[in-house]
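Visitor: Input structure: data-v5.tsv, which contains TSV, C-alpha atoms.
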```
chain	number	residue	atom	x	y	z
A	192	MET	CA	95.34	-70.13	143.27
A	193	GLU	CA	93.62	-71.08	146.54
A	194	THR	CA	94.31	-69.15	149.70
A	195	PRO	CA	93.85	-70.06	153.37
A	196	ASN	CA	90.45	-69.10	154.72
A	197	LEU	CA	88.20	-69.62	157.73
A	198	ASN	CA	85.22	-71.14	155.90
A	199	TYR	CA	85.64	-74.59	157.39
A	200	ILE	CA	86.23	-73.27	160.90
A	201	LYS	CA	83.12	-71.08	160.56
A	202	GLU	CA	81.14	-74.12	159.38
A	203	ILE	CA	82.16	-76.01	162.53
A	204	SER	CA	81.59	-73.09	164.85
A	205	GLY	CA	78.06	-72.34	163.68
A	206	GLY	CA	78.72	-68.70	164.58
A	207	ASP	CA	80.31	-69.41	167.97
A	208	LEU	CA	83.13	-66.84	167.99
A	209	ASP	CA	84.79	-68.22	171.12
A	210	PHE	CA	84.96	-71.59	169.46
A	211	GLU	CA	86.54	-70.08	166.32
A	212	ALA	CA	89.08	-68.28	168.49
A	213	SER	CA	89.97	-71.49	170.34
A	214	ILE	CA	90.60	-73.34	167.06
A	215	LEU	CA	92.75	-70.51	165.74
A	216	GLU	CA	94.70	-70.43	168.96
A	217	VAL	CA	95.51	-74.14	168.62
A	218	LEU	CA	96.49	-73.66	164.97
A	219	LYS	CA	98.79	-70.76	165.81
A	220	LYS	CA	100.36	-72.71	168.66
A	221	GLU	CA	100.78	-76.09	166.96
A	222	PHE	CA	101.41	-75.29	163.30
A	223	PRO	CA	104.91	-73.76	163.65
A	224	VAL	CA	105.98	-76.62	165.94
A	225	ASP	CA	104.61	-79.27	163.55
A	226	CYS	CA	106.50	-77.62	160.68
A	227	LEU	CA	109.77	-77.51	162.60
A	228	ILE	CA	109.52	-81.19	163.49
A	229	PHE	CA	108.71	-82.03	159.88
A	230	GLU	CA	111.73	-80.04	158.58
A	231	GLU	CA	113.99	-81.71	161.11
A	232	ASN	CA	112.89	-85.21	160.12
A	233	PHE	CA	112.95	-84.39	156.41
A	234	ASN	CA	116.49	-82.99	156.64
A	235	LYS	CA	117.62	-86.11	158.52
A	236	LYS	CA	116.00	-88.17	155.74
A	237	SER	CA	113.78	-89.81	158.36
A	238	TYR	CA	111.05	-90.05	155.75
A	239	GLU	CA	108.76	-92.39	157.65
A	240	GLU	CA	108.68	-89.91	160.54
A	241	ALA	CA	108.35	-86.99	158.13
A	242	SER	CA	105.37	-88.76	156.55
A	243	ASN	CA	103.72	-88.97	159.99
A	244	ASN	CA	104.40	-85.26	160.45
A	245	VAL	CA	102.75	-84.47	157.10
A	246	HIS	CA	99.77	-86.56	158.20
A	247	LYS	CA	99.34	-84.28	161.21
A	248	ILE	CA	99.93	-81.07	159.25
A	249	LYS	CA	97.45	-82.02	156.54
A	250	HIS	CA	94.55	-81.76	159.02
A	251	LYS	CA	95.54	-78.17	159.61
A	252	ILE	CA	95.79	-77.55	155.86
A	253	SER	CA	92.27	-78.90	155.58
A	254	MET	CA	91.04	-76.73	158.47
A	255	LEU	CA	92.17	-73.68	156.54
A	256	GLY	CA	90.14	-74.62	153.48
A	257	LEU	CA	93.07	-75.55	151.24
A	258	ASN	CA	91.52	-78.45	149.36
A	259	GLU	CA	94.19	-78.68	146.66
A	260	GLY	CA	96.79	-78.35	149.39
A	261	LEU	CA	95.20	-81.22	151.25
A	262	GLN	CA	95.36	-83.43	148.16
A	263	LEU	CA	99.00	-82.59	147.60
A	264	ALA	CA	99.80	-83.23	151.28
A	265	SER	CA	98.07	-86.64	151.13
A	266	LYS	CA	100.10	-87.57	148.05
A	267	PHE	CA	103.31	-86.30	149.67
A	268	GLU	CA	102.53	-88.26	152.84
A	269	ASN	CA	102.29	-91.48	150.81
A	270	ASP	CA	105.32	-90.61	148.66
A	271	LEU	CA	107.48	-90.11	151.74
A	272	LYS	CA	106.72	-93.64	152.88
A	273	LYS	CA	108.42	-94.71	149.64
A	274	CYS	CA	111.24	-92.19	150.19
A	275	GLU	CA	109.97	-90.16	147.22
A	276	VAL	CA	110.53	-86.43	147.81
A	277	LYS	CA	109.65	-84.66	144.57
A	278	LEU	CA	106.64	-82.85	146.10
A	279	TYR	CA	108.72	-81.31	148.90
A	280	GLU	CA	108.97	-77.83	147.42
A	281	LYS	CA	105.28	-77.60	146.58
A	282	PHE	CA	104.44	-78.77	150.07
A	283	VAL	CA	106.72	-76.16	151.62
A	284	GLU	CA	105.01	-73.46	149.51
A	285	ILE	CA	101.70	-74.41	151.15
A	286	LEU	CA	103.30	-74.26	154.59
A	287	LYS	CA	104.69	-70.79	153.85
A	288	LYS	CA	101.26	-69.57	152.76
A	289	ILE	CA	99.78	-70.77	156.05
A	290	HIS	CA	102.61	-69.22	158.08
A	291	VAL	CA	101.86	-65.86	156.47
A	292	TYR	CA	98.12	-66.27	157.00
A	293	LEU	CA	98.42	-67.20	160.68
A	294	GLY	CA	100.85	-64.33	161.21
B	327	MET	CA	82.15	-91.36	186.62
B	328	ASN	CA	79.01	-90.37	184.67
B	329	PRO	CA	76.82	-93.05	183.10
B	330	PHE	CA	78.50	-92.67	179.73
B	331	SER	CA	82.21	-92.02	179.62
B	332	ILE	CA	84.55	-91.75	176.68
B	333	LEU	CA	88.31	-91.97	176.50
B	334	LEU	CA	89.27	-89.90	173.47
B	335	VAL	CA	92.77	-90.66	172.24
B	336	ASP	CA	94.05	-88.40	169.47
B	337	ASP	CA	97.25	-86.39	169.20
B	338	ASP	CA	95.50	-83.67	167.24
B	339	GLU	CA	93.96	-81.19	169.64
B	340	ILE	CA	91.66	-79.79	166.95
B	341	GLU	CA	90.23	-83.25	166.32
B	342	ARG	CA	89.51	-83.56	170.04
B	343	ILE	CA	87.89	-80.12	170.08
B	344	LYS	CA	85.70	-81.12	167.09
B	345	PHE	CA	84.54	-84.30	168.80
B	346	LYS	CA	83.64	-82.44	172.00
B	347	LYS	CA	81.86	-79.76	169.95
B	348	VAL	CA	79.52	-82.36	168.44
B	349	CYS	CA	78.74	-83.76	171.92
B	350	ASN	CA	78.12	-80.26	173.17
B	351	ASP	CA	75.93	-79.27	170.21
B	352	ILE	CA	73.56	-82.18	170.80
B	353	ASN	CA	73.60	-81.72	174.59
B	354	PHE	CA	75.01	-85.18	174.99
B	355	THR	CA	75.79	-85.75	178.65
B	356	CYS	CA	78.97	-87.71	179.13
B	357	THR	CA	82.43	-87.42	180.57
B	358	ILE	CA	85.30	-87.23	178.12
B	359	GLU	CA	88.86	-87.93	179.22
B	360	GLU	CA	91.51	-87.01	176.68
B	361	ALA	CA	94.93	-88.37	175.84
B	362	ASN	CA	97.24	-87.28	173.04
B	363	ASN	CA	99.07	-90.60	172.69
B	364	GLY	CA	98.82	-94.24	173.69
B	365	LYS	CA	101.12	-93.91	176.70
B	366	LYS	CA	98.97	-91.21	178.26
B	367	ALA	CA	95.86	-93.26	177.52
B	368	MET	CA	97.38	-96.24	179.34
B	369	ALA	CA	98.18	-94.01	182.33
B	370	ILE	CA	94.55	-92.85	182.47
B	371	LEU	CA	93.32	-96.43	182.12
B	372	LYS	CA	95.39	-97.49	185.10
B	373	GLU	CA	93.25	-95.17	187.23
B	374	HIS	CA	89.88	-95.61	185.49
B	375	LYS	CA	89.01	-98.94	183.97
B	376	ASN	CA	85.32	-98.39	183.44
B	377	PHE	CA	85.08	-96.28	180.28
B	378	SER	CA	82.01	-96.92	178.18
B	379	ILE	CA	83.99	-96.65	174.94
B	380	ILE	CA	87.44	-95.67	173.72
B	381	VAL	CA	87.63	-93.55	170.59
B	382	LEU	CA	91.08	-94.03	169.16
B	383	ASP	CA	93.16	-92.44	166.41
B	384	LEU	CA	95.85	-94.60	164.82
B	385	GLN	CA	98.69	-92.28	163.91
B	386	MET	CA	100.14	-90.79	167.07
B	387	PRO	CA	103.61	-90.22	168.52
B	388	GLU	CA	105.07	-92.11	171.53
B	389	MET	CA	102.66	-95.04	171.36
B	390	ASN	CA	100.41	-95.21	168.30
B	391	GLY	CA	96.83	-96.47	168.17
B	392	LEU	CA	97.69	-99.96	167.04
B	393	GLU	CA	100.27	-100.42	169.80
B	394	LEU	CA	97.74	-99.22	172.38
B	395	LEU	CA	95.12	-101.53	170.95
B	396	GLU	CA	97.50	-104.50	171.26
B	397	GLN	CA	98.20	-103.65	174.90
B	398	LEU	CA	94.52	-103.23	175.73
B	399	LYS	CA	93.57	-106.54	174.19
B	400	LYS	CA	96.25	-108.33	176.23
B	401	ASN	CA	95.01	-106.75	179.46
B	402	GLU	CA	92.17	-108.71	181.07
B	403	ALA	CA	90.92	-105.73	183.04
B	404	LEU	CA	90.66	-103.57	179.93
B	405	ASN	CA	89.97	-105.83	176.98
B	406	GLY	CA	86.20	-105.59	177.38
B	407	ILE	CA	86.01	-101.85	176.65
B	408	PRO	CA	84.66	-101.30	173.11
B	409	ILE	CA	87.24	-99.53	170.94
B	410	ILE	CA	86.22	-97.44	167.97
B	411	ILE	CA	88.94	-96.41	165.58
B	412	MET	CA	88.53	-92.94	164.14
B	413	SER	CA	91.29	-92.37	161.65
B	414	ASN	CA	92.18	-91.41	158.12
B	415	SER	CA	94.83	-94.06	157.81
B	416	GLU	CA	95.00	-95.54	154.33
B	417	ASP	CA	97.09	-98.45	155.50
B	418	THR	CA	94.84	-101.45	154.89
B	419	SER	CA	97.18	-103.90	156.64
B	420	GLU	CA	96.96	-101.73	159.76
B	421	LEU	CA	93.19	-101.72	159.53
B	422	ARG	CA	93.07	-105.50	159.03
B	423	LYS	CA	95.22	-105.90	162.14
B	424	CYS	CA	92.79	-103.69	164.10
B	425	TYR	CA	89.88	-105.91	163.14
B	426	GLN	CA	91.87	-109.04	163.99
B	427	LEU	CA	92.53	-107.61	167.44
B	428	GLY	CA	88.82	-107.04	167.92
B	429	ILE	CA	87.80	-103.42	167.47
B	430	ALA	CA	84.13	-102.56	167.81
B	431	GLY	CA	84.07	-100.17	164.87
B	432	TYR	CA	86.02	-98.05	162.45
B	433	PHE	CA	85.24	-94.78	160.80
B	434	THR	CA	87.15	-92.34	158.71
B	435	LYS	CA	86.99	-88.67	159.56
B	436	PRO	CA	85.15	-86.94	156.73
B	437	ALA	CA	86.64	-83.66	155.61
B	438	LYS	CA	83.23	-81.97	155.68
B	439	TYR	CA	82.22	-81.08	159.20
B	440	SER	CA	78.49	-81.75	158.77
B	441	GLU	CA	79.33	-85.32	157.68
B	442	TYR	CA	81.79	-85.71	160.52
B	443	ALA	CA	79.14	-84.56	163.01
B	444	LYS	CA	76.64	-87.01	161.53
B	445	LYS	CA	79.10	-89.87	162.01
B	446	VAL	CA	79.88	-88.94	165.60
B	447	LYS	CA	76.16	-88.64	166.37
B	448	SER	CA	75.41	-92.06	164.93
B	449	LEU	CA	78.31	-93.49	166.92
B	450	LEU	CA	76.94	-92.02	170.15
B	451	LYS	CA	73.42	-93.08	169.30
B	452	TYR	CA	74.50	-96.64	168.69
B	453	TRP	CA	76.60	-96.99	171.83
B	454	THR	CA	74.14	-95.30	174.15
B	455	GLN	CA	70.96	-96.61	172.50
B	456	ASN	CA	69.81	-93.01	172.87
B	457	GLU	CA	66.92	-92.49	170.46
B	458	PHE	CA	66.87	-88.77	171.20
B	459	ILE	CA	70.12	-88.16	169.40
B	460	ASN	CA	69.29	-87.18	165.83
```
Is it possible to express this structure as structure tokens?

Guide:
Amino acid sequence: METPNLNYIKEISGGDLDFEASILEVLKKEFPVDCLIFEENFNKKSYEEASNNVHKIKHKISMLGLNEGLQLASKFENDLKKCEVKLYEKFVEILKKIHVYLG
Amino acid sequence: MNPFSILLVDDDEIERIKFKKVCNDINFTCTIEEANNGKKAMAILKEHKNFSIIVLDLQMPEMNGLELLEQLKKNEALNGIPIIIMSNSEDTSELRKCYQLGIAGYFTKPAKYSEYAKKVKSLLKYWTQNEFIN
């Protein structure tokens, strides 16, 4: 099972530690907020909005090297536009993993 | 404003950081103004109308990229600024509409950073005619 990692961020940074820190800071700041907004919209069954939220979150999933997670998020993003929610639990599992990783 | 100026419109701060990192890595001298939605971009454009290019994401809150594009194309003072869409939208009807409105280019954001950087560099090279960008 894949786990969040900093490989992609390190690839971008080219060894620039300040840069890595600035990306992590943004992730730590934005990720919990993005998740809350997603949950809110999902619970209200505002699936079009929730799909837009997943679109934003999936970039962060990608930043943390979760390639399978990214694929699932892309599928879920499209499913939500059709009000299809069967991937919700798997998507939330990915979010939980990232929450734990970001501390 | 510097000779080459970019209005970068993307709600994702990390995407904006990535774009600026590429410019920085190649020592590309330009000014970059940032907006995280279409409304903020319009507010900036009210003050500065002479951007060299606008790099625009499509999916954003408040006012999305397509809505901003429609407003810009209706505005005589702004409709001459080249607009490059940088998005991962898979909505082909949205993309068709962008082309109908007259965008100057479209590129998807590759997941791999080295490919992303290559695309941004070629974009800058094309719009500045700067042969020293490689």

Visitor: Find the residues with any atom within 12 Å of (93.7, -111.4, 174.6); use all atoms listed in the file and the coordinates as given in the file, and write the answer as a PDB file with C-alpha atoms, in the coordinates of the input.

Guide:
```
ATOM      1  CA  LEU B 395      95.120-101.530 170.950  1.00  0.00           C
ATOM      2  CA  GLU B 396      97.500-104.500 171.260  1.00  0.00           C
ATOM      3  CA  GLN B 397      98.200-103.650 174.900  1.00  0.00           C
ATOM      4  CA  LEU B 398      94.520-103.230 175.730  1.00  0.00           C
ATOM      5  CA  LYS B 399      93.570-106.540 174.190  1.00  0.00           C
ATOM      6  CA  LYS B 400      96.250-108.330 176.230  1.00  0.00           C
ATOM      7  CA  ASN B 401      95.010-106.750 179.460  1.00  0.00           C
ATOM      8  CA  GLU B 402      92.170-108.710 181.070  1.00  0.00           C
ATOM      9  CA  ALA B 403      90.920-105.730 183.040  1.00  0.00           C
ATOM     10  CA  LEU B 404      90.660-103.570 179.930  1.00  0.00           C
ATOM     11  CA  ASN B 405      89.970-105.830 176.980  1.00  0.00           C
ATOM     12  CA  GLY B 406      86.200-105.590 177.380  1.00  0.00           C
ATOM     13  CA  GLN B 426      91.870-109.040 163.990  1.00  0.00           C
ATOM     14  CA  LEU B 427      92.530-107.610 167.440  1.00  0.00           C
ATOM     15  CA  GLY B 428      88.820-107.040 167.920  1.00  0.00           C
TER      16      GLY B 428
END
```

Visitor: Write out as a tab-separated table a residue-level contact list of chain A versus chain B with cut-off 12 Å: for each qualifying residue the closest pair of atoms and the distance in Å to one decimal, counting only C-alpha atoms, rows sorted by chain and residue number upward.

Guide:
```
residue	atom	partner	partner_atom	distance
A:Asn198	CA	B:Tyr439	CA	10.9
A:Tyr199	CA	B:Tyr439	CA	7.6
A:Ile200	CA	B:Tyr439	CA	8.9
A:Lys201	CA	B:Tyr439	CA	10.1
A:Glu202	CA	B:Tyr439	CA	7.0
A:Ile203	CA	B:Tyr439	CA	6.1
A:Ser204	CA	B:Lys347	CA	8.4
A:Gly205	CA	B:Asp351	CA	9.8
A:Asp207	CA	B:Lys347	CA	10.7
A:Asp209	CA	B:Lys347	CA	12.0
A:Phe210	CA	B:Lys347	CA	8.8
A:Glu211	CA	B:Ile343	CA	10.8
A:Ala212	CA	B:Ile340	CA	11.9
A:Ser213	CA	B:Ile343	CA	8.9
A:Ile214	CA	B:Ile340	CA	6.5
A:Leu215	CA	B:Ile340	CA	9.4
A:Glu216	CA	B:Ile340	CA	10.0
A:Val217	CA	B:Ile340	CA	7.0
A:Leu218	CA	B:Ile340	CA	8.1
A:Lys219	CA	B:Ile340	CA	11.6
A:Lys220	CA	B:Glu339	CA	10.7
A:Glu221	CA	B:Glu339	CA	8.9
A:Phe222	CA	B:Asp338	CA	11.0
A:Asp225	CA	B:Asp338	CA	10.8
A:Ile228	CA	B:Pro387	CA	11.9
A:Glu239	CA	B:Gln385	CA	11.9
A:Glu240	CA	B:Pro387	CA	9.5
A:Ala241	CA	B:Pro387	CA	11.9
A:Ser242	CA	B:Gln385	CA	10.5
A:Asn243	CA	B:Gln385	CA	7.2
A:Asn244	CA	B:Pro387	CA	9.5
A:Val245	CA	B:Gln385	CA	11.1
A:His246	CA	B:Gln385	CA	8.2
A:Lys247	CA	B:Asp338	CA	7.2
A:Ile248	CA	B:Asp338	CA	9.5
A:Lys249	CA	B:Asn414	CA	10.9
A:His250	CA	B:Asp338	CA	8.5
A:Lys251	CA	B:Ile340	CA	8.5
A:Ile252	CA	B:Ala437	CA	11.0
A:Ser253	CA	B:Ala437	CA	7.4
A:Met254	CA	B:Ala437	CA	8.7
A:Leu255	CA	B:Ala437	CA	11.4
A:Gly256	CA	B:Ala437	CA	9.9
A:Leu257	CA	B:Ala437	CA	11.2
A:Asn258	CA	B:Ala437	CA	9.5
A:Leu261	CA	B:Ala437	CA	9.9
A:Gln262	CA	B:Ala437	CA	11.5
A:Ser265	CA	B:Glu416	CA	9.9
A:Lys266	CA	B:Glu416	CA	11.4
A:Glu268	CA	B:Glu416	CA	10.6
A:Asn269	CA	B:Glu416	CA	9.1
A:Lys272	CA	B:Asp417	CA	11.1
```

Visitor: Find the residue from B:Leu421, B:Ile429, B:Val446, B:Ile410 that sits nearest to Leu333 of chain B; use all atoms listed in the file when measuring.

Guide: B:Ile410

Visitor: Between atom CA of Gly364 of chain B and atom CA of Leu263 of chain A, measure the distance and give it in Å to one decimal.

Guide: 28.6 Å

Visitor: Can you list, as a PyMOL selection string, every protein, DNA or RNA residue that comes within 6 Å of Ile379 of chain B when you count all atoms listed in the file, leaving out same-chain residues fewer than 6 positions away?

Guide: chain B and resi 332+407-409

Visitor: Find the distance between atom CA of Ala430 of chain B and atom CA of Phe330 of chain B and write it in Å to one decimal.

Guide: 16.5 Å

Visitor: For Asp270 of chain A, find every residue with an atom within 10 Å (counting only C-alpha atoms), except residues of its own chain fewer than 6 positions away, and show them as a ChimeraX atom specification.

Guide: /A:238-239,242,264,276-279

Visitor: Using atom CA of Glu359 of chain B and atom CA of Leu334 of chain B as the two end points, give the distance in Å to one decimal.

Guide: 6.1 Å

Visitor: Compile the contact shell of Lys366 of chain B as a ChimeraX atom specification: residues with an atom at most 9 Å away, counting all atoms listed in the file, same-chain residues fewer than 6 positions apart removed.

Guide: /B:335,360,389

Visitor: With distances taken over all atoms listed in the file, which of B:Met412, B:Leu449, B:Pro329, B:Asp383 is nearest to Ile358 of chain B?

Guide: B:Pro329
